[in-house]
file query-v3.cif (mmCIF, C-alpha atoms)
data_coords
#
loop_
_atom_site.label_atom_id
_atom_site.label_comp_id
_atom_site.auth_asym_id
_atom_site.auth_seq_id
_atom_site.Cartn_x
_atom_site.Cartn_y
_atom_site.Cartn_z
CA GLU A 1 4.90 -5.10 9.28
CA VAL A 2 1.84 -3.45 7.75
CA GLN A 3 -0.88 -5.95 6.88
CA LEU A 4 -4.35 -5.50 5.41
CA LEU A 5 -6.73 -8.44 5.24
CA GLU A 6 -10.03 -8.14 3.40
CA SER A 7 -12.98 -10.43 3.97
CA GLY A 8 -16.71 -10.58 3.31
CA GLY A 9 -16.74 -11.13 -0.42
CA GLY A 10 -18.89 -13.73 -2.10
CA LEU A 11 -21.78 -14.40 -4.43
CA VAL A 12 -24.85 -12.19 -4.08
CA GLN A 13 -27.94 -11.69 -6.20
CA PRO A 14 -28.64 -8.39 -7.96
CA GLY A 15 -30.27 -5.99 -5.53
CA GLY A 16 -28.66 -7.71 -2.57
CA SER A 17 -26.21 -6.47 0.05
CA LEU A 18 -22.75 -7.34 1.32
CA ARG A 19 -20.44 -5.93 3.96
CA LEU A 20 -16.73 -6.02 3.32
CA SER A 21 -14.18 -5.76 6.13
CA CYS A 22 -10.49 -4.94 6.09
CA GLU A 23 -8.57 -5.78 9.24
CA SER A 24 -5.31 -3.93 9.64
CA SER A 25 -2.20 -4.45 11.73
CA GLY A 26 1.32 -3.13 12.02
CA PHE A 27 0.49 0.59 12.09
CA ARG A 28 -1.60 3.15 13.97
CA PHE A 29 -4.82 2.68 12.01
CA SER A 30 -6.56 5.83 13.25
CA SER A 31 -3.80 8.05 11.86
CA PHE A 32 -4.20 7.02 8.25
CA ALA A 33 -6.77 7.54 5.53
CA MET A 34 -8.06 4.38 3.88
CA SER A 35 -9.59 3.62 0.50
CA TRP A 36 -11.39 0.86 -1.35
CA VAL A 37 -10.32 0.20 -4.95
CA ARG A 38 -11.95 -2.41 -7.16
CA GLN A 39 -11.00 -4.29 -10.30
CA ALA A 40 -13.60 -5.98 -12.49
CA PRO A 41 -12.45 -9.22 -14.13
CA GLY A 42 -9.93 -8.44 -16.85
CA LYS A 43 -10.36 -4.69 -16.35
CA GLY A 44 -8.42 -1.82 -14.82
CA LEU A 45 -8.45 -0.29 -11.37
CA GLU A 46 -11.35 1.85 -10.18
CA TRP A 47 -11.21 3.96 -7.02
CA VAL A 48 -14.44 3.38 -5.11
CA SER A 49 -14.34 5.29 -1.84
CA GLY A 50 -12.09 6.76 0.80
CA VAL A 51 -12.31 7.79 4.44
CA ARG A 52 -9.86 10.10 6.12
CA GLY A 53 -8.24 9.43 9.46
CA ASN A 54 -9.01 10.86 12.87
CA GLY A 55 -12.76 10.86 12.26
CA GLY A 56 -12.39 12.50 8.90
CA SER A 57 -14.65 12.85 5.91
CA THR A 58 -15.60 10.39 3.19
CA ASP A 59 -15.74 10.48 -0.60
CA TYR A 60 -17.28 8.18 -3.19
CA ALA A 61 -17.09 7.47 -6.89
CA ASP A 62 -20.27 8.44 -8.71
CA SER A 63 -20.79 4.80 -9.67
CA VAL A 64 -21.41 3.80 -6.04
CA LYS A 65 -22.66 7.00 -4.44
CA GLY A 66 -25.89 6.41 -2.55
CA ARG A 67 -25.46 2.63 -2.58
CA PHE A 68 -22.13 2.05 -0.79
CA THR A 69 -21.09 3.36 2.62
CA ILE A 70 -17.52 3.37 3.84
CA SER A 71 -16.81 3.43 7.55
CA ARG A 72 -14.06 2.67 10.01
CA ASP A 73 -13.81 1.44 13.57
CA ASP A 74 -10.52 2.73 14.91
CA SER A 75 -10.93 0.71 18.12
CA LYS A 76 -10.92 -2.47 16.02
CA ASN A 77 -8.39 -1.28 13.41
CA THR A 78 -10.93 -2.21 10.77
CA LEU A 79 -12.27 -0.60 7.61
CA TYR A 80 -15.71 -1.48 6.25
CA MET A 81 -17.70 -1.12 3.08
CA GLN A 82 -21.45 -1.65 3.25
CA MET A 83 -22.66 -2.39 -0.26
CA ASN A 84 -26.40 -2.20 -1.00
CA SER A 85 -28.47 -2.45 -4.17
CA LEU A 86 -25.72 -4.43 -5.81
CA ARG A 87 -25.57 -4.65 -9.59
CA ALA A 88 -23.85 -6.99 -12.01
CA GLU A 89 -21.36 -4.23 -12.81
CA ASP A 90 -20.22 -4.22 -9.17
CA THR A 91 -18.64 -7.63 -9.73
CA ALA A 92 -14.95 -7.17 -8.99
CA VAL A 93 -12.06 -7.86 -6.68
CA TYR A 94 -12.21 -5.25 -3.93
CA TYR A 95 -8.94 -4.07 -2.43
CA CYS A 96 -8.50 -2.02 0.69
CA ALA A 97 -5.48 0.25 0.68
CA ARG A 98 -3.80 2.67 3.06
CA GLY A 99 -3.24 6.33 2.34
CA VAL A 100 0.04 7.81 3.51
CA SER A 101 -1.41 10.36 5.91
CA PRO A 102 -4.66 11.12 7.75
CA THR A 103 -5.94 13.27 4.91
CA ARG A 104 -4.69 11.62 1.71
CA ILE A 105 -7.11 8.98 0.48
CA LEU A 106 -4.98 8.51 -2.62
CA TYR A 107 -1.24 7.80 -2.80
CA LEU A 108 -1.86 4.30 -1.51
CA ASP A 109 1.26 2.68 -0.10
CA TYR A 110 -0.07 -0.63 1.24
CA TRP A 111 -2.73 -2.88 -0.28
CA GLY A 112 -4.56 -5.98 0.85
CA GLN A 113 -4.81 -9.11 -1.26
CA GLY A 114 -8.39 -8.37 -2.28
CA THR A 115 -11.76 -10.07 -1.86
CA LEU A 116 -13.97 -11.11 -4.78
CA VAL A 117 -17.54 -9.90 -5.00
CA THR A 118 -19.72 -11.58 -7.62
CA VAL A 119 -23.19 -10.19 -8.32
CA SER A 120 -25.23 -12.71 -10.28
CA SER A 121 -28.53 -14.50 -10.22
CA GLN B 1 -14.05 5.29 -19.88
CA SER B 2 -11.51 6.88 -17.55
CA VAL B 3 -10.89 10.62 -17.41
CA LEU B 4 -7.17 9.77 -17.48
CA THR B 5 -5.95 8.42 -20.81
CA GLN B 6 -3.12 5.90 -21.04
CA PRO B 7 -1.94 3.90 -24.06
CA PRO B 8 -3.30 0.34 -23.84
CA SER B 9 0.10 -1.19 -24.43
CA VAL B 10 3.78 -0.43 -24.87
CA SER B 11 6.72 -2.69 -25.57
CA ALA B 12 10.50 -2.57 -25.68
CA ALA B 13 13.49 -4.89 -25.59
CA PRO B 14 15.37 -5.83 -22.42
CA GLY B 15 17.77 -3.14 -21.34
CA GLN B 16 15.91 -0.43 -23.25
CA LYS B 17 13.85 2.47 -21.96
CA VAL B 18 10.11 2.95 -22.18
CA THR B 19 7.75 5.76 -21.26
CA ILE B 20 4.07 5.55 -20.41
CA SER B 21 1.91 8.64 -20.73
CA CYS B 22 -1.13 9.67 -18.72
CA SER B 23 -3.21 12.50 -20.11
CA GLY B 24 -5.83 14.36 -18.14
CA SER B 25 -7.18 17.86 -17.62
CA SER B 26 -6.98 20.87 -15.34
CA SER B 27 -9.48 19.29 -12.93
CA ASN B 28 -7.20 16.33 -12.27
CA ILE B 29 -3.55 16.11 -13.31
CA GLY B 30 -3.27 19.83 -13.91
CA ASN B 31 -3.88 20.65 -10.26
CA HIS B 32 -3.17 17.50 -8.28
CA TYR B 33 -0.33 15.12 -7.54
CA VAL B 34 0.01 11.98 -9.64
CA SER B 35 0.89 8.50 -8.43
CA TRP B 36 1.86 5.44 -10.45
CA TYR B 37 1.24 1.79 -9.63
CA GLN B 38 2.58 -1.48 -10.98
CA GLN B 39 0.37 -4.55 -11.02
CA LEU B 40 2.04 -7.86 -11.73
CA PRO B 41 -0.25 -10.67 -12.92
CA GLY B 42 -2.44 -12.03 -10.14
CA THR B 43 -1.20 -9.61 -7.50
CA ALA B 44 -2.32 -6.42 -5.80
CA PRO B 45 -1.07 -3.08 -7.16
CA LYS B 46 2.20 -1.71 -5.85
CA LEU B 47 3.05 1.96 -5.46
CA LEU B 48 5.91 3.02 -7.74
CA ILE B 49 5.80 6.82 -7.81
CA TYR B 50 4.05 9.37 -5.62
CA ASP B 51 3.66 13.15 -5.75
CA ASN B 52 4.56 13.18 -9.45
CA ASN B 53 8.19 12.15 -9.20
CA ASN B 54 9.04 10.56 -5.85
CA ARG B 55 9.90 6.91 -5.28
CA PRO B 56 8.94 5.06 -2.10
CA SER B 57 11.79 3.32 -0.36
CA GLY B 58 12.71 0.08 -2.10
CA ILE B 59 11.70 1.22 -5.59
CA PRO B 60 14.79 1.25 -7.84
CA ASP B 61 15.83 4.44 -9.59
CA ARG B 62 15.12 2.76 -12.94
CA PHE B 63 11.58 4.04 -12.34
CA SER B 64 10.92 7.77 -12.66
CA GLY B 65 7.95 10.08 -12.91
CA SER B 66 7.33 13.51 -14.29
CA LYS B 67 4.46 15.90 -14.84
CA SER B 68 3.92 18.78 -17.21
CA GLY B 69 0.65 20.66 -17.39
CA THR B 70 -2.17 18.16 -17.69
CA SER B 71 0.00 15.14 -18.53
CA ALA B 72 2.22 12.83 -16.55
CA THR B 73 4.80 10.30 -17.64
CA LEU B 74 6.27 7.16 -16.12
CA GLY B 75 9.73 6.21 -17.32
CA ILE B 76 11.39 2.84 -16.93
CA THR B 77 15.02 2.30 -17.91
CA GLY B 78 17.07 -0.88 -18.11
CA LEU B 79 13.98 -2.96 -18.82
CA GLN B 80 13.85 -6.43 -17.30
CA SER B 81 11.49 -9.33 -17.92
CA GLY B 82 10.19 -8.85 -14.38
CA ASP B 83 8.89 -5.41 -15.37
CA GLU B 84 6.17 -7.01 -17.50
CA ALA B 85 3.02 -5.79 -15.81
CA HIS B 86 0.15 -3.35 -16.02
CA TYR B 87 0.90 0.23 -15.00
CA TYR B 88 -1.70 2.72 -13.77
CA CYS B 89 -1.62 6.44 -13.11
CA GLU B 90 -3.84 7.91 -10.39
CA THR B 91 -4.81 11.33 -9.14
CA TRP B 92 -7.66 13.33 -7.64
CA ASP B 93 -10.33 14.94 -9.78
CA SER B 94 -11.78 18.14 -8.36
CA SER B 95 -14.82 18.14 -10.65
CA LEU B 96 -15.78 14.62 -9.65
CA SER B 97 -14.58 14.99 -6.05
CA ALA B 98 -13.21 11.51 -6.46
CA GLY B 99 -10.04 9.61 -7.08
CA VAL B 100 -9.42 8.47 -10.64
CA PHE B 101 -7.17 5.89 -12.26
CA GLY B 102 -6.01 5.73 -15.82
CA GLY B 103 -7.21 2.81 -17.90
CA GLY B 104 -3.88 1.05 -17.48
CA THR B 105 -0.98 0.21 -19.79
CA LYS B 106 0.33 -3.28 -20.38
CA LEU B 107 4.11 -3.35 -20.67
CA THR B 108 5.63 -6.16 -22.71
CA VAL B 109 9.37 -6.76 -22.57
CA LEU B 110 10.19 -8.32 -25.92
#
call {"tool": "encode", "arguments": {"input": "query-v3.cif", "output": "structure tokens"}}
result
Amino acid sequence: EVQLLESGGGLVQPGGSLRLSCESSGFRFSSFAMSWVRQAPGKGLEWVSGVRGNGGSTDYADSVKGRFTISRDDSKNTLYMQMNSLRAEDTAVYYCARGVSPTRILYLDYWGQGTLVTVSS
Amino acid sequence: QSVLTQPPSVSAAPGQKVTISCSGSSSNIGNHYVSWYQQLPGTAPKLLIYDNNNRPSGIPDRFSGSKSGTSATLGITGLQSGDEAHYYCETWDSSLSAGVFGGGTKLTVL
């Protein structure tokens, strides 16, 4: 059974940093692209970033480019998101999700339960 | 404001059919596959349609997808109360080099 478990969310002050993790199980992690998608309170979904499988490339939404860094450790079956220079508008539930192939960072067939990031002083 | 435009809300009676539109441009829908997701209250999104008109295993054939030019449509027939949810379209945008979601549509089953 495919499982994705996010962690690392919490309350952080504006300008601060957080590192989110997404532990996976039930599939060959290295063979799949992965993405982070966020949802601000009461708002819609926003794609944040994706990393392709097998040591592939990364992409970012303009809203986080230069501040967030996505990475993966295939030996640990874990996806990460390093978030720096956090702003109030980054407050959201962050979901990790699996792409259906090594190259497709969209078409997300499995999702975690999400972790809440709150940026506030 | 999303580059993909969806109606904020749609509604229909149980057993009826509803369609949800997703309008974009040549940099996104016009040249890339579209996926659709269902998000029930308090839960993570669930994939309903991929590659414009394909259903993952386990998704009933009451759900269908189509694409024409720079627009895509999700259709739901035989509406049930359990279909009340938010629905989102998603695709790639070549100009942004990023994934994009529509703003979401809330479906109410009257």
call {"tool": "closest_residue", "arguments": {"input": "query-v3.cif", "among": "A:Cys96, A:Leu86, A:Leu11, A:Val119", "to": "chain B", "atoms": "all atoms listed in the file"}}
result
A:Cys96
call {"tool": "interface_residues", "arguments": {"input": "query-v3.cif", "of": "chain A", "to": "chain B", "cutoff": "8 Å", "atoms": "all atoms listed in the file", "output": "JSON, numbers by chain"}}
result
{"A": [44, 45, 46, 47, 48, 49, 59, 60, 61, 62, 95, 106, 107, 108, 109, 110, 111, 112, 113, 114]}
call {"tool": "atom_distance", "arguments": {"input": "query-v3.cif", "atom1": "atom CA of B:Ser23", "atom2": "atom CA of B:Gly75"}}
result
14.7 Å
call {"tool": "axis_aligned_box", "arguments": {"input": "query-v3.cif", "around": "stretch 60-69 of chain A", "padding_each_side": "3 Å", "output": "JSON"}}
result
{"center_x": -21.5, "center_y": 5.2, "center_z": -3.5, "size_x": 14.8, "size_y": 12.4, "size_z": 18.3}
call {"tool": "residues_around", "arguments": {"input": "query-v3.cif", "residues": "A:Ala40", "least_positions_apart": "6", "cutoff": "10 Å", "atoms": "all atoms listed in the file", "output": "list of chain:residue names"}}
result
A:Glu46, A:Glu89, A:Asp90, A:Thr91, A:Ala92, A:Val93, A:Tyr94, A:Leu116, A:Val117, A:Thr118
call {"tool": "residues_around", "arguments": {"input": "query-v3.cif", "residues": "B:Ser66", "least_positions_apart": "6", "cutoff": "6 Å", "atoms": "all atoms listed in the file", "output": "JSON, numbers by chain"}}
result
{"B": [52, 53, 72, 73]}
call {"tool": "resolve_selection", "arguments": {"input": "query-v3.cif", "expression": "the PyMOL selection byres ((chain A and resi 1-4) around 6)", "output": "ChimeraX atom specification"}}
result
/A:5,23-26,112
call {"tool": "atom_distance", "arguments": {"input": "query-v3.cif", "atom1": "atom CA of A:Arg72", "atom2": "atom CA of A:Ile105"}}
result
13.4 Å
call {"tool": "atom_distance", "arguments": {"input": "query-v3.cif", "atom1": "atom CA of B:Leu4", "atom2": "atom CA of B:Asn31"}}
result
13.5 Å
call {"tool": "build_atoms", "arguments": {"input": "query-v3.cif", "residues": "stretch 13-27 of chain A", "atoms": "N, CA and C atoms", "output": "PDB file, in the coordinates of the input"}}
result
ATOM      1  N   GLN A  13     -27.010 -11.949  -5.098  1.00  0.00           N
ATOM      2  CA  GLN A  13     -27.940 -11.690  -6.200  1.00  0.00           C
ATOM      3  C   GLN A  13     -28.054 -10.190  -6.450  1.00  0.00           C
ATOM      4  N   PRO A  14     -28.407  -9.814  -7.665  1.00  0.00           N
ATOM      5  CA  PRO A  14     -28.640  -8.390  -7.960  1.00  0.00           C
ATOM      6  C   PRO A  14     -29.680  -7.828  -7.004  1.00  0.00           C
ATOM      7  N   GLY A  15     -29.400  -6.629  -6.510  1.00  0.00           N
ATOM      8  CA  GLY A  15     -30.270  -5.990  -5.530  1.00  0.00           C
ATOM      9  C   GLY A  15     -29.915  -6.334  -4.097  1.00  0.00           C
ATOM     10  N   GLY A  16     -29.034  -7.282  -3.908  1.00  0.00           N
ATOM     11  CA  GLY A  16     -28.660  -7.710  -2.570  1.00  0.00           C
ATOM     12  C   GLY A  16     -27.603  -6.828  -1.925  1.00  0.00           C
ATOM     13  N   SER A  17     -27.174  -7.244  -0.732  1.00  0.00           N
ATOM     14  CA  SER A  17     -26.210  -6.470   0.050  1.00  0.00           C
ATOM     15  C   SER A  17     -25.055  -7.349   0.511  1.00  0.00           C
ATOM     16  N   LEU A  18     -23.930  -6.697   0.748  1.00  0.00           N
ATOM     17  CA  LEU A  18     -22.750  -7.340   1.320  1.00  0.00           C
ATOM     18  C   LEU A  18     -22.019  -6.316   2.165  1.00  0.00           C
ATOM     19  N   ARG A  19     -21.287  -6.800   3.158  1.00  0.00           N
ATOM     20  CA  ARG A  19     -20.440  -5.930   3.960  1.00  0.00           C
ATOM     21  C   ARG A  19     -19.021  -6.464   3.904  1.00  0.00           C
ATOM     22  N   LEU A  20     -18.143  -5.666   3.356  1.00  0.00           N
ATOM     23  CA  LEU A  20     -16.730  -6.020   3.320  1.00  0.00           C
ATOM     24  C   LEU A  20     -16.017  -5.474   4.557  1.00  0.00           C
ATOM     25  N   SER A  21     -15.022  -6.211   5.010  1.00  0.00           N
ATOM     26  CA  SER A  21     -14.180  -5.760   6.130  1.00  0.00           C
ATOM     27  C   SER A  21     -12.725  -5.804   5.707  1.00  0.00           C
ATOM     28  N   CYS A  22     -11.933  -4.967   6.328  1.00  0.00           N
ATOM     29  CA  CYS A  22     -10.490  -4.940   6.090  1.00  0.00           C
ATOM     30  C   CYS A  22      -9.814  -4.758   7.443  1.00  0.00           C
ATOM     31  N   GLU A  23      -9.262  -5.832   7.961  1.00  0.00           N
ATOM     32  CA  GLU A  23      -8.570  -5.780   9.240  1.00  0.00           C
ATOM     33  C   GLU A  23      -7.123  -5.357   9.019  1.00  0.00           C
ATOM     34  N   SER A  24      -6.661  -4.421   9.816  1.00  0.00           N
ATOM     35  CA  SER A  24      -5.310  -3.930   9.640  1.00  0.00           C
ATOM     36  C   SER A  24      -4.451  -4.238  10.855  1.00  0.00           C
ATOM     37  N   SER A  25      -3.151  -4.268  10.642  1.00  0.00           N
ATOM     38  CA  SER A  25      -2.200  -4.450  11.730  1.00  0.00           C
ATOM     39  C   SER A  25      -0.858  -3.872  11.315  1.00  0.00           C
ATOM     40  N   GLY A  26      -0.029  -3.605  12.312  1.00  0.00           N
ATOM     41  CA  GLY A  26       1.320  -3.130  12.020  1.00  0.00           C
ATOM     42  C   GLY A  26       1.466  -1.629  11.922  1.00  0.00           C
ATOM     43  N   PHE A  27       0.394  -0.875  12.128  1.00  0.00           N
ATOM     44  CA  PHE A  27       0.490   0.590  12.090  1.00  0.00           C
ATOM     45  C   PHE A  27      -0.666   1.177  12.902  1.00  0.00           C
TER      46      PHE A  27
END
